[in-house]
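Below: upload-v4.txt (compact mmCIF, C-alpha atoms)
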# COMPACT_ATOMS: atom_id res chain seq x y z
CA MET N 432 84.62 139.11 148.51
CA GLN N 433 87.49 141.10 147.00
CA LEU N 434 87.14 143.58 144.13
CA TYR N 435 88.88 141.23 141.68
CA GLU N 436 86.38 138.48 142.52
CA LEU N 437 83.48 140.78 141.68
CA VAL N 438 85.21 141.81 138.45
CA ASN N 439 85.61 138.15 137.52
CA LYS N 440 81.95 137.51 138.35
CA TYR N 441 80.89 140.23 135.92
CA HIS N 442 83.53 139.53 133.24
CA VAL N 443 84.36 135.83 132.98
CA GLY N 444 81.69 133.87 131.14
CA THR N 445 79.49 136.91 130.50
CA THR N 446 78.88 139.25 127.59
CA LEU N 447 80.01 142.33 129.51
CA SER N 448 83.05 144.20 128.24
CA CYS N 449 86.07 144.75 130.45
CA ALA N 450 84.91 148.32 131.08
CA GLU N 451 81.38 147.33 132.08
CA ALA N 452 82.67 144.57 134.35
CA MET N 453 85.10 146.94 136.07
CA PHE N 454 82.40 149.58 136.47
CA LYS N 455 79.78 147.19 137.85
CA ALA N 456 82.27 145.62 140.27
CA CYS N 457 83.54 148.98 141.55
CA ASN N 458 80.04 150.39 141.86
CA GLU N 459 78.99 147.39 143.94
CA TYR N 460 82.21 146.88 145.92
CA TYR N 461 82.62 150.50 146.96
CA GLY N 462 78.88 151.16 147.38
CA LEU N 463 79.05 154.10 144.97
CA ASN N 464 75.38 153.88 143.99
CA LEU N 465 76.15 155.36 140.58
CA PRO N 466 73.13 155.40 138.27
CA GLU N 467 72.54 153.37 135.13
CA ASN N 468 73.51 156.41 133.03
CA THR N 469 77.02 156.20 134.46
CA ARG N 470 77.29 152.55 133.42
CA LYS N 471 76.18 153.56 129.95
CA MET N 472 78.89 156.20 129.81
CA PHE N 473 81.59 153.66 130.70
CA SER N 474 80.14 150.84 128.56
CA ILE N 475 81.45 152.33 125.32
CA MET N 476 85.00 152.27 126.70
CA GLY N 477 85.29 148.49 126.43
CA ILE N 478 87.30 146.87 123.66
CA GLY N 479 89.75 149.78 123.54
CA MET N 480 87.03 152.40 123.03
CA GLN N 481 85.34 149.94 120.65
CA THR N 482 88.30 150.08 118.24
CA GLN N 483 90.95 147.94 119.96
CA LEU N 484 93.29 150.76 118.92
CA SER N 485 92.92 152.74 122.10
CA CYS N 486 93.57 152.26 125.80
CA CYS N 487 92.22 149.27 127.73
CA GLY N 488 88.65 150.00 128.79
CA ALA N 489 89.04 148.48 132.26
CA PHE N 490 92.06 150.72 132.84
CA THR N 491 90.05 153.76 131.75
CA VAL N 492 87.24 152.90 134.18
CA ALA N 493 89.77 152.36 136.99
CA VAL N 494 91.19 155.84 136.32
CA GLY N 495 87.66 157.26 136.45
CA ILE N 496 87.03 155.57 139.80
CA ILE N 497 90.30 157.03 141.14
CA GLY N 498 89.16 160.48 140.05
CA LEU N 499 85.76 159.98 141.64
CA VAL N 500 87.18 159.10 145.04
CA THR N 501 90.15 161.49 145.13
CA ALA N 502 88.79 164.74 143.68
CA GLN N 503 87.32 167.12 146.22
CA ASP N 504 84.15 169.12 145.59
CA GLY N 505 85.11 172.40 143.93
CA GLN N 506 88.70 171.25 143.43
CA GLU N 507 90.38 172.09 140.15
CA ASP N 508 91.74 169.12 138.24
CA SER N 509 95.30 170.42 138.57
CA GLU N 510 95.01 170.28 142.37
CA ASN N 511 94.32 166.53 142.60
CA PHE N 512 97.91 165.48 143.24
CA HIS N 513 96.90 162.36 145.18
CA GLY N 514 94.72 161.17 142.29
CA TYR N 515 97.51 161.87 139.79
CA SER N 516 99.92 159.86 141.91
CA MET N 517 97.54 156.90 141.97
CA VAL N 518 96.98 157.04 138.19
CA THR N 519 100.74 157.18 137.64
CA GLU N 520 101.20 154.15 139.89
CA LEU N 521 98.42 152.24 138.12
CA THR N 522 99.87 153.13 134.71
CA ASP N 523 103.37 152.07 135.74
CA PHE N 524 101.96 148.81 137.11
CA VAL N 525 100.21 147.91 133.83
CA ILE N 526 103.17 148.90 131.66
CA GLU N 527 105.59 146.92 133.85
CA LYS N 528 103.34 143.85 134.04
CA PHE N 529 101.94 143.78 130.49
CA GLY N 530 104.14 146.16 128.48
CA THR N 531 101.34 148.35 127.11
CA LEU N 532 97.95 149.93 127.73
CA GLN N 533 96.80 149.37 124.15
CA CYS N 534 93.81 147.05 123.90
CA ALA N 535 94.75 145.12 120.75
CA THR N 536 98.23 144.31 122.02
CA LEU N 537 96.85 143.25 125.41
CA HIS N 538 94.13 141.18 123.75
CA ASP N 539 96.69 139.27 121.64
CA MET N 540 98.79 138.20 124.65
CA GLN N 541 99.08 134.61 125.77
CA ILE N 542 98.81 134.45 129.57
CA ALA N 543 99.28 131.08 131.25
CA GLY N 544 96.18 129.86 133.05
CA TYR N 545 93.80 132.17 131.19
CA GLU N 546 91.84 131.31 128.08
CA ASN N 547 91.22 135.02 127.51
CA PRO N 548 94.12 137.37 128.38
CA CYS N 549 91.65 140.15 129.15
CA HIS N 550 90.43 138.20 132.17
CA ALA N 551 93.95 138.20 133.63
CA ILE N 552 94.49 141.86 132.83
CA VAL N 553 91.18 143.03 134.29
CA GLU N 554 91.76 140.90 137.39
CA ALA N 555 95.24 142.40 137.86
CA LEU N 556 93.84 145.92 137.41
CA ALA N 557 91.15 145.26 140.03
CA ARG N 558 93.71 143.95 142.51
CA LYS N 559 95.93 147.00 142.00
CA LEU N 560 93.00 149.42 142.19
CA GLU N 561 91.85 147.88 145.46
CA GLU N 562 95.39 148.21 146.81
CA LEU N 563 95.61 151.86 145.74
CA LEU N 564 92.26 152.77 147.28
CA ALA N 565 92.79 150.84 150.53
CA GLY N 566 92.35 153.06 153.56
CA ARG N 567 90.38 155.80 151.79
CA ARG N 568 87.51 157.08 153.95
CA THR N 569 84.40 158.31 152.10
CA PHE N 570 82.51 155.45 150.55
CA ARG N 571 81.63 152.26 152.39
CA THR N 572 82.27 149.01 150.57
CA VAL N 573 80.02 146.00 150.75
CA ASN N 574 82.85 144.44 152.73
CA ALA N 575 82.80 147.18 155.42
CA GLY N 576 86.02 148.80 154.14
CA GLN N 577 86.08 152.45 153.20
CA ILE N 578 87.52 154.65 150.48
CA GLY N 579 87.46 158.33 149.60
CA SER N 580 88.57 161.24 151.71
Let's see the structure in the file written out as structure tokens.
Amino acid sequence: MQLYELVNKYHVGTTLSCAEAMFKACNEYYGLNLPENTRKMFSIMGIGMQTQLSCCGAFTVAVGIIGLVTAQDGQEDSENFHGYSMVTELTDFVIEKFGTLQCATLHDMQIAGYENPCHAIVEALARKLEELLAGRRTFRTVNAGQIGS
């Protein structure tokens, strides 16, 4: 099973927000074993930080996952050039594909083949995140792949 398939399992036809679906899928797929408190922290990020006026919650969770797997213990934030590069690539991908990171604008889109545009956006984010993290070597996924350094 691919990351986007797990995201769809948790997002499509459920009551989970985009952020919660992305978190649960990443936690499971990459075998992160993050506690329930971490899910709670990310849960409020859905629906554009609950306002629709802010950034897409699934994008925010994806950025958090990138930070988790690229930052080294004791490393200052300004030293995580690899993580910054991945976030820049993810941002550019979303802007190029959807034109914005803003939740309300994304939510109002019409995307062929999707009843809810958020399902297409979250799926695309999961596919890109999996691509960005391919070949990383710290955490074992449920699919025997690895990420982290």
**Request:** Mind checking which residues fall within 9 Å of range 545-562 of chain N, counting only C-alpha atoms, ignoring those fewer than 6 positions away in the same chain, and posting them as an NGL selection string?
**Result:** :N and (433-436 or 438-439 or 442-443 or 449-450 or 452-453 or 456-457 or 489-490 or 493-494 or 496-497 or 517 or 521 or 524-525 or 529 or 534 or 537-539)
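Among the candidates N:Leu484, N:Leu447, N:Leu564, N:Ile526, the one nearest to Gly498 in chain N when counting all atoms listed in the file is N:Leu564.
Taking CA of Ala543 in chain N and CA of Cys487 in chain N as endpoints, the distance between them is 19.8 Å.
Picture a line from CA of Phe454 in chain N to CA of Thr469 in chain N; it runs 8.8 Å.
Between Leu499 in chain N and the candidates N:Met472, N:Gly544, N:Leu437, N:Asn458, the tightest atom-to-atom separation, counting only C-alpha atoms, involves N:Asn458.
Here the question is which of N:Thr536, N:Gly462, N:Lys471, N:Gly477 gets nearest to Thr446 in chain N using only C-alpha atoms, and that residue is N:Gly477.
One distance worth recording is that between CA of Val492 in chain N and CA of Met476 in chain N, which is 7.8 Å.
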**Asked** In terms of the shortest atom-to-atom distance over all atoms listed in the file, which of N:Thr491, N:Tyr460, N:Ser474, N:Leu563 is closest to His513 in chain N?
**Response** N:Leu563
